[in-house]
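Data from upload.pdb: PDB, C-alpha atoms and all ligand atoms
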ATOM      1  CA  MET I  25      22.488  23.657  19.435
ATOM      2  CA  GLU I  26      25.026  20.832  19.425
ATOM      3  CA  ALA I  27      23.776  17.772  21.329
ATOM      4  CA  ARG I  28      25.644  16.702  24.419
ATOM      5  CA  ARG I  29      27.189  13.306  23.824
ATOM      6  CA  LEU I  30      27.768  10.424  26.203
ATOM      7  CA  SER I  31      30.841   8.244  25.769
ATOM      8  CA  THR I  32      30.118   4.635  24.794
ATOM      9  CA  GLY I  33      33.098   3.570  26.888
ATOM     10  CA  VAL I  34      34.798   2.223  23.737
ATOM     11  CA  ALA I  35      37.229   4.824  22.400
ATOM     12  CA  GLY I  36      37.062   3.567  18.813
ATOM     13  CA  LEU I  37      33.277   3.579  18.809
ATOM     14  CA  ASP I  38      33.118   7.142  20.174
ATOM     15  CA  LYS I  39      35.173   8.193  17.159
ATOM     16  CA  LEU I  40      32.689   6.587  14.752
ATOM     17  CA  LEU I  41      29.940   8.575  16.468
ATOM     18  CA  ALA I  42      31.549  12.008  16.380
ATOM     19  CA  GLY I  43      32.211  11.792  20.117
ATOM     20  CA  GLY I  44      29.473   9.522  21.449
ATOM     21  CA  VAL I  45      25.739   8.982  21.729
ATOM     22  CA  PRO I  46      23.605  12.146  21.913
ATOM     23  CA  GLU I  47      22.050  12.493  25.351
ATOM     24  CA  GLY I  48      18.483  11.183  25.596
ATOM     25  CA  PHE I  49      18.803   8.816  22.637
ATOM     26  CA  PHE I  50      17.354   5.332  22.447
ATOM     27  CA  VAL I  51      20.024   3.197  20.776
ATOM     28  CA  ALA I  52      19.336  -0.320  19.486
ATOM     29  CA  LEU I  53      22.173  -2.841  19.603
ATOM     30  CA  VAL I  54      21.127  -5.664  17.321
ATOM     31  CA  GLY I  55      22.650  -8.885  16.072
ATOM     32  CA  MET I  56      23.188 -12.584  16.504
ATOM     33  CA  PRO I  57      24.165 -14.238  19.802
ATOM     34  CA  GLY I  58      27.793 -13.964  20.870
ATOM     35  CA  THR I  59      28.578 -10.895  18.788
ATOM     36  CA  GLY I  60      29.404  -8.544  21.680
ATOM     37  CA  LYS I  61      26.153  -6.709  22.411
ATOM     38  CA  THR I  62      26.175  -7.374  26.155
ATOM     39  CA  ILE I  63      29.840  -6.459  26.403
ATOM     40  CA  ALA I  64      29.144  -3.163  24.611
ATOM     41  CA  CYS I  65      26.428  -2.517  27.228
ATOM     42  CA  LEU I  66      28.913  -3.138  30.046
ATOM     43  CA  HIS I  67      31.285  -0.557  28.553
ATOM     44  CA  PHE I  68      28.469   1.986  28.294
ATOM     45  CA  VAL I  69      27.474   1.549  31.946
ATOM     46  CA  TRP I  70      31.070   1.538  33.154
ATOM     47  CA  ALA I  71      31.803   4.795  31.313
ATOM     48  CA  GLY I  72      29.004   6.403  33.324
ATOM     49  CA  LEU I  73      30.063   4.890  36.637
ATOM     50  CA  LYS I  74      33.647   6.035  36.082
ATOM     51  CA  ALA I  75      32.378   9.560  35.460
ATOM     52  CA  GLY I  76      30.599   9.539  38.833
ATOM     53  CA  GLU I  77      27.112   8.818  37.478
ATOM     54  CA  SER I  78      24.854   6.020  38.595
ATOM     55  CA  ALA I  79      23.232   3.546  36.205
ATOM     56  CA  ILE I  80      20.488   0.973  35.762
ATOM     57  CA  TYR I  81      20.930  -2.360  33.986
ATOM     58  CA  VAL I  82      17.973  -4.605  33.179
ATOM     59  CA  THR I  83      19.072  -8.157  32.398
ATOM     60  CA  THR I  84      16.594 -10.619  30.911
ATOM     61  CA  GLU I  85      18.839 -13.310  29.436
ATOM     62  CA  GLU I  86      21.626 -13.643  31.991
ATOM     63  CA  SER I  87      21.558 -13.512  35.763
ATOM     64  CA  ARG I  88      22.800 -10.492  37.661
ATOM     65  CA  GLU I  89      25.756 -12.589  38.891
ATOM     66  CA  SER I  90      26.705 -13.442  35.328
ATOM     67  CA  ILE I  91      26.684  -9.760  34.348
ATOM     68  CA  VAL I  92      28.800  -8.797  37.378
ATOM     69  CA  ARG I  93      31.296 -11.609  36.686
ATOM     70  CA  GLN I  94      31.562 -10.770  33.004
ATOM     71  CA  ALA I  95      32.197  -7.100  33.841
ATOM     72  CA  ALA I  96      34.898  -8.076  36.344
ATOM     73  CA  GLN I  97      36.784  -9.892  33.562
ATOM     74  CA  PHE I  98      37.249  -6.527  31.902
ATOM     75  CA  GLY I  99      38.274  -4.730  35.087
ATOM     76  CA  MET I 100      34.847  -3.129  35.623
ATOM     77  CA  ASP I 101      33.846  -3.148  39.281
ATOM     78  CA  PHE I 102      30.082  -3.621  39.060
ATOM     79  CA  GLU I 103      30.111  -5.367  42.437
ATOM     80  CA  GLY I 104      31.519  -2.291  44.151
ATOM     81  CA  ALA I 105      29.145   0.005  42.283
ATOM     82  CA  GLN I 106      26.169  -2.070  43.473
ATOM     83  CA  LYS I 107      27.421  -2.015  47.051
ATOM     84  CA  SER I 108      27.941   1.720  47.046
ATOM     85  CA  GLY I 109      24.411   2.168  45.695
ATOM     86  CA  ARG I 110      25.332   3.581  42.305
ATOM     87  CA  LEU I 111      24.326   0.626  40.143
ATOM     88  CA  ILE I 112      21.019  -1.232  40.196
ATOM     89  CA  ILE I 113      20.805  -4.437  38.175
ATOM     90  CA  ILE I 114      17.197  -5.483  37.644
ATOM     91  CA  ASP I 115      17.119  -9.231  37.118
ATOM     92  CA  ALA I 116      14.265 -10.949  35.294
ATOM     93  CA  LEU I 117      15.590 -14.444  35.912
ATOM     94  CA  MET I 118      15.607 -14.768  39.702
ATOM     95  CA  ARG I 119      11.940 -15.396  40.228
ATOM     96  CA  GLU I 120      12.314 -17.945  42.969
ATOM     97  CA  LYS I 121      14.426 -15.807  45.309
ATOM     98  CA  GLU I 122      13.033 -12.767  47.085
ATOM     99  CA  ASP I 123      15.033  -9.826  45.937
ATOM    100  CA  GLU I 124      14.268  -6.153  45.821
ATOM    101  CA  TRP I 125      15.307  -5.780  42.195
ATOM    102  CA  MET I 126      13.910  -8.900  40.643
ATOM    103  CA  MET I 127      11.032  -8.938  38.164
ATOM    104  CA  ARG I 128       8.070 -11.095  39.022
ATOM    105  CA  GLU I 129       7.137 -11.628  35.417
ATOM    106  CA  LEU I 130       8.788 -11.000  32.118
ATOM    107  CA  ALA I 131       6.498  -8.173  31.077
ATOM    108  CA  VAL I 132       7.287  -4.749  29.697
ATOM    109  CA  GLU I 133       4.935  -2.983  32.137
ATOM    110  CA  GLU I 134       6.668  -4.528  35.124
ATOM    111  CA  MET I 135      10.070  -3.701  33.692
ATOM    112  CA  LEU I 136       9.051  -0.054  33.272
ATOM    113  CA  SER I 137       7.793   0.258  36.813
ATOM    114  CA  ARG I 138      10.969  -1.309  38.248
ATOM    115  CA  VAL I 139      13.137   1.019  36.180
ATOM    116  CA  ILE I 140      11.178   4.045  37.404
ATOM    117  CA  GLU I 141      11.512   2.875  41.021
ATOM    118  CA  ALA I 142      15.249   2.434  40.496
ATOM    119  CA  LYS I 143      15.485   5.905  38.993
ATOM    120  CA  LYS I 144      13.677   7.404  41.981
ATOM    121  CA  ARG I 145      16.123   5.634  44.259
ATOM    122  CA  LEU I 146      19.238   6.736  42.377
ATOM    123  CA  GLY I 147      18.096  10.222  41.500
ATOM    124  CA  ARG I 148      19.383  12.579  38.871
ATOM    125  CA  SER I 149      22.792  10.990  38.559
ATOM    126  CA  ALA I 150      21.199   7.926  36.898
ATOM    127  CA  ARG I 151      21.433   8.929  33.265
ATOM    128  CA  ARG I 152      22.260   5.624  31.594
ATOM    129  CA  LEU I 153      19.888   2.711  31.227
ATOM    130  CA  VAL I 154      20.570  -0.642  29.589
ATOM    131  CA  ILE I 155      17.802  -3.075  28.642
ATOM    132  CA  ASP I 156      19.546  -6.319  27.691
ATOM    133  CA  SER I 157      17.626  -7.739  25.952
ATOM    134  CA  MET I 158      14.249  -6.465  24.805
ATOM    135  CA  SER I 159      13.623  -9.530  22.629
ATOM    136  CA  ALA I 160      13.129 -11.695  25.714
ATOM    137  CA  PHE I 161       9.818  -9.886  26.300
ATOM    138  CA  TRP I 162       8.448 -11.072  22.978
ATOM    139  CA  LEU I 163       9.295 -14.743  22.944
ATOM    140  CA  ARG I 164       5.627 -15.633  22.880
ATOM    141  CA  ALA I 165       4.244 -12.562  21.157
ATOM    142  CA  PRO I 166       6.618 -11.127  18.541
ATOM    143  CA  VAL I 167       3.774  -8.972  17.174
ATOM    144  CA  LYS I 168       3.921  -6.871  20.350
ATOM    145  CA  ALA I 169       7.499  -5.846  19.690
ATOM    146  CA  ARG I 170       6.816  -2.656  17.811
ATOM    147  CA  GLU I 171       4.122  -1.272  20.072
ATOM    148  CA  ASP I 172       6.038  -2.185  23.233
ATOM    149  CA  SER I 173       9.183  -0.525  21.919
ATOM    150  CA  TYR I 174       7.242   2.644  21.304
ATOM    151  CA  THR I 175       5.787   2.553  24.829
ATOM    152  CA  VAL I 176       9.198   1.979  26.390
ATOM    153  CA  LYS I 177      10.744   4.857  24.498
ATOM    154  CA  ARG I 178       7.884   7.243  25.197
ATOM    155  CA  ILE I 179       7.725   6.557  28.930
ATOM    156  CA  LEU I 180      11.435   6.344  29.650
ATOM    157  CA  ASN I 181      12.217   9.457  27.657
ATOM    158  CA  LYS I 182      10.480  11.519  30.309
ATOM    159  CA  TRP I 183      12.825  10.153  32.945
ATOM    160  CA  GLY I 184      15.903  11.578  31.308
ATOM    161  CA  PHE I 185      17.670   8.396  30.302
ATOM    162  CA  THR I 186      20.025   7.659  27.471
ATOM    163  CA  ILE I 187      19.160   4.076  26.602
ATOM    164  CA  TYR I 188      20.977   1.088  25.144
ATOM    165  CA  ALA I 189      18.503  -1.658  24.245
ATOM    166  CA  THR I 190      19.664  -4.934  22.741
ATOM    167  CA  SER I 191      17.759  -7.220  20.444
ATOM    168  CA  GLN I 192      18.708 -10.741  19.552
ATOM    169  CA  TYR I 193      18.272 -11.868  15.994
ATOM    170  CA  ALA I 194      17.126 -15.475  15.829
ATOM    171  CA  ILE I 195      19.684 -17.693  14.131
ATOM    172  CA  THR I 196      17.161 -19.411  11.891
ATOM    173  CA  THR I 197      15.024 -16.539  10.701
ATOM    174  CA  GLY I 198      17.574 -13.752  10.779
ATOM    175  CA  SER I 199      15.287 -11.067  12.078
ATOM    176  CA  ALA I 200      12.269 -12.668  13.722
ATOM    177  CA  PHE I 201      12.432 -10.571  16.868
ATOM    178  CA  GLY I 202      14.522  -7.836  15.388
ATOM    179  CA  TRP I 203      11.985  -5.490  13.947
ATOM    180  CA  GLY I 204      10.665  -3.869  17.017
ATOM    181  CA  ILE I 205      13.186  -1.612  18.567
ATOM    182  CA  GLU I 206      14.720  -0.571  15.248
ATOM    183  CA  HIS I 207      11.537   1.244  14.297
ATOM    184  CA  VAL I 208      11.671   3.579  17.257
ATOM    185  CA  ALA I 209      15.432   3.773  17.748
ATOM    186  CA  ASP I 210      17.353   7.028  17.331
ATOM    187  CA  GLY I 211      20.414   4.936  16.589
ATOM    188  CA  ILE I 212      21.130   1.391  15.420
ATOM    189  CA  ILE I 213      24.438  -0.417  15.906
ATOM    190  CA  HIS I 214      24.505  -3.758  14.139
ATOM    191  CA  PHE I 215      26.772  -6.506  15.500
ATOM    192  CA  LYS I 216      27.796  -9.195  13.007
ATOM    193  CA  ARG I 217      29.910 -12.289  12.873
ATOM    194  CA  ARG I 218      31.505 -14.342  10.165
ATOM    195  CA  VAL I 219      34.044 -17.147   9.946
ATOM    196  CA  VAL I 220      37.116 -15.941   8.036
ATOM    197  CA  ASP I 221      39.835 -18.506   7.328
ATOM    198  CA  GLY I 222      38.382 -20.702  10.018
ATOM    199  CA  VAL I 223      38.311 -17.969  12.661
ATOM    200  CA  LEU I 224      35.247 -16.352  14.197
ATOM    201  CA  THR I 225      35.467 -12.687  13.283
ATOM    202  CA  ARG I 226      33.140  -9.997  14.612
ATOM    203  CA  TYR I 227      32.126  -6.660  13.115
ATOM    204  CA  ILE I 228      30.053  -3.675  14.004
ATOM    205  CA  ILE I 229      28.448  -1.129  11.734
ATOM    206  CA  VAL I 230      26.626   2.029  12.786
ATOM    207  CA  GLU I 231      23.503   1.800  10.643
ATOM    208  CA  LYS I 232      21.834   4.876  12.047
ATOM    209  CA  MET I 233      22.575   7.689  14.484
ATOM    210  CA  ARG I 234      20.385  10.732  14.266
ATOM    211  CA  GLN I 235      22.049  14.156  14.415
ATOM    212  CA  THR I 236      25.448  12.557  13.847
ATOM    213  CA  PRO I 237      27.855  12.485  10.883
ATOM    214  CA  HIS I 238      28.714   8.880  11.721
ATOM    215  CA  ASP I 239      31.205   6.526  10.098
ATOM    216  CA  LEU I 240      29.608   4.336   7.412
ATOM    217  CA  ARG I 241      32.141   1.510   7.367
ATOM    218  CA  ALA I 242      31.925  -1.915   8.941
ATOM    219  CA  TRP I 243      34.637  -2.304  11.573
ATOM    220  CA  GLU I 244      36.222  -5.492  12.761
ATOM    221  CA  ILE I 245      36.085  -5.712  16.549
ATOM    222  CA  GLN I 246      37.909  -7.828  19.070
ATOM    223  CA  ILE I 247      36.878  -8.927  22.535
ATOM    224  CA  ARG I 248      39.907  -9.452  24.727
ATOM    225  CA  ASP I 249      40.244 -10.644  28.278
ATOM    226  CA  LYS I 250      40.860  -7.767  30.746
ATOM    227  CA  GLU I 251      40.191  -5.168  28.017
ATOM    228  CA  GLY I 252      36.792  -5.908  26.564
ATOM    229  CA  LEU I 253      35.666  -4.667  23.193
ATOM    230  CA  THR I 254      38.015  -2.761  20.886
ATOM    231  CA  LEU I 255      37.844  -1.713  17.248
ATOM    232  CA  VAL I 256      40.515  -3.229  15.043
ATOM    233  CA  ARG I 257      40.187  -1.977  11.450
ATOM    234  CA  PRO I 258      37.570  -0.947   8.938
ATOM    235  CA  LEU I 259      36.586  -3.362   6.182
ATOM    236  CA  ALA I 260      37.711  -1.004   3.485
ATOM    237  CA  ARG I 261      39.015  -2.024   0.078
ATOM    238  CA  ARG I 262      42.592  -3.233   0.269
ATOM    239  CA  LEU I 263      45.420  -1.641  -1.696
ATOM    240  CA  GLU I 264      46.357  -4.902  -3.439
ATOM    241  CA  ASP I 265      42.876  -5.041  -4.990
ATOM    242  CA  GLU I 266      43.784  -1.971  -7.006
ATOM    243  CA  SER I 267      46.852  -3.521  -8.665
ATOM    244  CA  LEU I 268      45.058  -6.648  -9.900
ATOM    245  CA  PRO I 269      43.689  -6.777 -13.436
ATOM    246  CA  GLU I 270      40.379  -4.974 -13.334
ATOM    247  CA  LYS I 271      38.256  -8.044 -14.131
ATOM    248  CA  VAL I 272      39.891 -10.162 -11.424
ATOM    249  CA  ALA I 273      39.669  -7.413  -8.849
ATOM    250  CA  ARG I 274      35.993  -6.942  -9.617
ATOM    251  CA  ARG I 275      35.252 -10.644  -9.203
ATOM    252  CA  ILE I 276      37.101 -10.819  -5.884
ATOM    253  CA  LYS I 277      35.252  -7.792  -4.664
ATOM    254  CA  GLU I 278      31.910  -9.210  -5.727
ATOM    255  CA  ARG I 279      32.628 -12.482  -3.979
ATOM    256  CA  ALA I 280      33.635 -10.670  -0.805
ATOM    257  CA  GLU I 281      30.484  -8.585  -0.844
ATOM    258  CA  GLU I 282      28.298 -11.630  -1.432
ATOM    259  CA  ASP I 283      30.008 -13.262   1.494
ATOM    260  CA  GLU I 284      29.420 -10.369   3.717
ATOM    261  CA  PHE I 285      25.879  -9.450   2.928
ATOM    262  CA  ALA I 286      24.430 -12.780   1.805
ATOM    263  CA  ARG I 287      23.239 -13.451   5.311
ATOM    264  CA  GLU I 288      21.470 -10.560   6.925
ATOM    265  CA  ASP I 289      22.606 -11.209  10.433
TER     266      ASP I 289
HETATM  267  N1  LIG I 301      37.080 -12.658  29.253
HETATM  268  C1  LIG I 301      36.896 -12.772  27.943
HETATM  269  N2  LIG I 301      37.938 -12.758  27.098
HETATM  270  C2  LIG I 301      37.775 -12.863  25.753
HETATM  271  N3  LIG I 301      36.576 -13.006  25.164
HETATM  272  C3  LIG I 301      35.491 -13.022  25.953
HETATM  273  C4  LIG I 301      35.594 -12.919  27.374
HETATM  274  N4  LIG I 301      34.347 -12.959  27.889
HETATM  275  C5  LIG I 301      33.513 -13.109  26.840
HETATM  276  N5  LIG I 301      34.182 -13.149  25.675
HETATM  277  C6  LIG I 301      33.622 -13.285  24.318
HETATM  278  O1  LIG I 301      32.420 -12.557  24.251
HETATM  279  C7  LIG I 301      31.354 -13.384  23.805
HETATM  280  C8  LIG I 301      30.064 -12.974  24.467
HETATM  281  O2  LIG I 301      29.720 -11.674  24.062
HETATM  282  P1  LIG I 301      28.323 -11.046  24.466
HETATM  283  O3  LIG I 301      28.510  -9.578  24.495
HETATM  284  O4  LIG I 301      27.825 -11.680  25.712
HETATM  285  O5  LIG I 301      27.420 -11.486  23.227
HETATM  286  P2  LIG I 301      25.888 -11.105  22.923
HETATM  287  O6  LIG I 301      25.935 -10.389  21.606
HETATM  288  O7  LIG I 301      25.185 -12.435  22.798
HETATM  289  O8  LIG I 301      25.379 -10.287  24.053
HETATM  290  C9  LIG I 301      31.757 -14.777  24.187
HETATM  291  O9  LIG I 301      31.138 -15.740  23.344
HETATM  292  C10 LIG I 301      33.265 -14.725  24.005
HETATM  293  O10 LIG I 301      33.599 -14.993  22.653
HETATM  294 MG    MG I 302      23.860 -10.737  25.453
END
Represent the structure from my file as structure tokens, please.
Amino acid sequence: MEARRLSTGVAGLDKLLAGGVPEGFFVALVGMPGTGKTIACLHFVWAGLKAGESAIYVTTEESRESIVRQAAQFGMDFEGAQKSGRLIIIDALMREKEDEWMMRELAVEEMLSRVIEAKKRLGRSARRLVIDSMSAFWLRAPVKAREDSYTVKRILNKWGFTIYATSQYAITTGSAFGWGIEHVADGIIHFKRRVVDGVLTRYIIVEKMRQTPHDLRAWEIQIRDKEGLTLVRPLARRLEDESLPEKVARRIKERAEEDEFARED
């Protein structure tokens, strides 16, 4: 039977995924800081809210206010959705204030119990869950990443969520906190960045999506005010490469590939 798919909220990305993310999947969004992972999460939640669903967003690296403000810049009314009781943002950073949806400690067990409480409150219409990011739970104990990821997936699966979980790659080590959620993920979307001709350029590549004939190319993305994340073009071989003498073309291509994959970010 064909899996039901949920829109990612980014039209170009839905196309790469043969329509969207299969319902019930645990999708890892991984990559360096500033590459667009959080913004992709906002699109995913907003797609659900627009379709009349409710949603849960766990934020461990930014405050709830920061998430709501960022969403508003792209025309997504998270404020209104919170007020009308369709969006719960669980905040791990507001430990000093008393708040119903804060986390007392940055621990996976507490996160799970808050998410389950939120789900009970919102009911069946809460089908999308974002955990942004998971790596914050392992700052002191990276070895727990794999086991925790497994626990999170196993427990939350029963509650009928489709999950986006982000993971931050450390700038220095490339993947220090990375290998946790990837091991259990049904899908992996890798967010990358590179400076091209002096300009910060961002890419995404779908590295894995079970049960999906997904696109295999890296795609340049843009983040624009009022619009959010859009796909620009695939990094495919250019036509002019073909008309160069074979040796030259090969060297250019090799250089470009070195450039792109030298750093595993
Ligand atoms: N309103 C906006 N207009 C254009 N670009 C924006 C806007 N808001 C944020 N950005 C870009 O998005 C980046 C943050 O992306 P984010 O998804 O938070 O990254 P991360 O991968 O760390 O979660 C910023 O560094 C900035 O380049
Ligand atoms: Mg982020």
As a short mmCIF file (atom, residue, chain, number, x, y, z; two decimals) with C-alpha atoms, keeping the file's coordinate frame, please: every protein or nucleic acid residue near ligand MG 302 (chain I) (cut-off 10 Å, counting all atoms listed in the file).
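Once everything was written out, this is result29.cif:
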data_model
loop_
_atom_site.label_atom_id
_atom_site.label_comp_id
_atom_site.auth_asym_id
_atom_site.auth_seq_id
_atom_site.Cartn_x
_atom_site.Cartn_y
_atom_site.Cartn_z
CA LEU I 53 22.17 -2.84 19.60
CA VAL I 54 21.13 -5.66 17.32
CA GLY I 55 22.65 -8.88 16.07
CA MET I 56 23.19 -12.58 16.50
CA PRO I 57 24.16 -14.24 19.80
CA GLY I 58 27.79 -13.96 20.87
CA THR I 59 28.58 -10.90 18.79
CA GLY I 60 29.40 -8.54 21.68
CA LYS I 61 26.15 -6.71 22.41
CA THR I 62 26.18 -7.37 26.16
CA ILE I 63 29.84 -6.46 26.40
CA ALA I 64 29.14 -3.16 24.61
CA CYS I 65 26.43 -2.52 27.23
CA THR I 83 19.07 -8.16 32.40
CA THR I 84 16.59 -10.62 30.91
CA GLU I 85 18.84 -13.31 29.44
CA GLU I 86 21.63 -13.64 31.99
CA ILE I 91 26.68 -9.76 34.35
CA ASP I 156 19.55 -6.32 27.69
CA SER I 157 17.63 -7.74 25.95
CA THR I 190 19.66 -4.93 22.74
CA SER I 191 17.76 -7.22 20.44
CA GLN I 192 18.71 -10.74 19.55
#
Selection dump of the PyMOL selection byres (((chain I and resi 80) around 10) and not hetatm), as a PyMOL selection string
chain I and resi 69+78-79+81-83+110-114+139-140+142-143+146+150-155+185+187
Select, from I:Arg274, I:Arg93, I:Arg248, I:Arg217, the residue with the minimum atom-to-atom distance to ligand LIG 301 (chain I), counting only C-alpha atoms and all ligand atoms.
I:Arg248
Find the smallest box with edges along x, y and z containing every listed atom of ligand LIG 301 (chain I), then add 3 Å on each side and report centre and edge lengths in Å to one decimal, as JSON.
{"center_x": 31.6, "center_y": -12.7, "center_z": 25.4, "size_x": 18.8, "size_y": 12.2, "size_z": 13.6}
Tell me which protein, DNA and RNA residues are within 9 Å of I:Ile229, counting all atoms listed in the file, leaving out same-chain ones fewer than 5 positions away, and put them as an MDAnalysis selection string.
chainID I and resid 212:216 239:244
Figure out the distance between atom CA of I:Val92 and atom CA of I:Trp70, please, to one decimal in Å.
11.4 Å
N, CA and C atoms modelled onto stretch 215-239 of chain I, as a short mmCIF file (atom, residue, chain, number, x, y, z; two decimals), in the coordinates of the input:
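Okay, out-v6.cif is ready:
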data_model
loop_
_atom_site.label_atom_id
_atom_site.label_comp_id
_atom_site.auth_asym_id
_atom_site.auth_seq_id
_atom_site.Cartn_x
_atom_site.Cartn_y
_atom_site.Cartn_z
N PHE I 215 25.65 -5.63 15.16
CA PHE I 215 26.77 -6.51 15.50
C PHE I 215 26.68 -7.74 14.62
N LYS I 216 27.80 -8.07 13.94
CA LYS I 216 27.80 -9.20 13.01
C LYS I 216 28.93 -10.15 13.31
N ARG I 217 28.80 -11.35 12.75
CA ARG I 217 29.91 -12.29 12.87
C ARG I 217 30.03 -13.11 11.61
N ARG I 218 31.23 -13.58 11.37
CA ARG I 218 31.50 -14.34 10.16
C ARG I 218 32.74 -15.19 10.45
N VAL I 219 32.83 -16.34 9.79
CA VAL I 219 34.04 -17.15 9.95
C VAL I 219 34.96 -16.83 8.77
N VAL I 220 36.15 -16.30 9.07
CA VAL I 220 37.12 -15.94 8.04
C VAL I 220 38.35 -16.80 8.24
N ASP I 221 38.70 -17.58 7.22
CA ASP I 221 39.84 -18.51 7.33
C ASP I 221 39.74 -19.35 8.60
N GLY I 222 38.55 -19.81 8.88
CA GLY I 222 38.38 -20.70 10.02
C GLY I 222 38.35 -20.01 11.37
N VAL I 223 38.30 -18.69 11.37
CA VAL I 223 38.31 -17.97 12.66
C VAL I 223 37.06 -17.11 12.78
N LEU I 224 36.42 -17.19 13.94
CA LEU I 224 35.25 -16.35 14.20
C LEU I 224 35.68 -14.89 14.24
N THR I 225 35.10 -14.10 13.37
CA THR I 225 35.47 -12.69 13.28
C THR I 225 34.20 -11.87 13.50
N ARG I 226 34.32 -10.81 14.30
CA ARG I 226 33.14 -10.00 14.61
C ARG I 226 33.29 -8.59 14.03
N TYR I 227 32.15 -8.00 13.70
CA TYR I 227 32.13 -6.66 13.12
C TYR I 227 31.03 -5.84 13.75
N ILE I 228 31.20 -4.54 13.71
CA ILE I 228 30.05 -3.68 14.00
C ILE I 228 29.90 -2.66 12.88
N ILE I 229 28.68 -2.22 12.68
CA ILE I 229 28.45 -1.13 11.73
C ILE I 229 27.36 -0.22 12.32
N VAL I 230 27.63 1.07 12.32
CA VAL I 230 26.63 2.03 12.79
C VAL I 230 25.66 2.24 11.63
N GLU I 231 24.46 1.71 11.75
CA GLU I 231 23.50 1.80 10.64
C GLU I 231 22.69 3.09 10.71
N LYS I 232 22.61 3.64 11.91
CA LYS I 232 21.83 4.88 12.05
C LYS I 232 22.26 5.59 13.32
N MET I 233 22.42 6.89 13.26
CA MET I 233 22.58 7.69 14.48
C MET I 233 22.12 9.09 14.14
N ARG I 234 20.93 9.41 14.58
CA ARG I 234 20.39 10.73 14.27
C ARG I 234 21.32 11.85 14.74
N GLN I 235 21.28 12.96 14.04
CA GLN I 235 22.05 14.16 14.42
C GLN I 235 23.54 13.91 14.51
N THR I 236 24.04 12.94 13.73
CA THR I 236 25.45 12.56 13.85
C THR I 236 26.05 12.23 12.47
N PRO I 237 27.16 12.87 12.12
CA PRO I 237 27.86 12.48 10.88
C PRO I 237 28.68 11.22 11.15
N HIS I 238 28.01 10.08 11.25
CA HIS I 238 28.71 8.88 11.72
C HIS I 238 29.46 8.16 10.61
N ASP I 239 30.42 7.36 11.01
CA ASP I 239 31.20 6.53 10.10
C ASP I 239 30.28 5.50 9.44
#
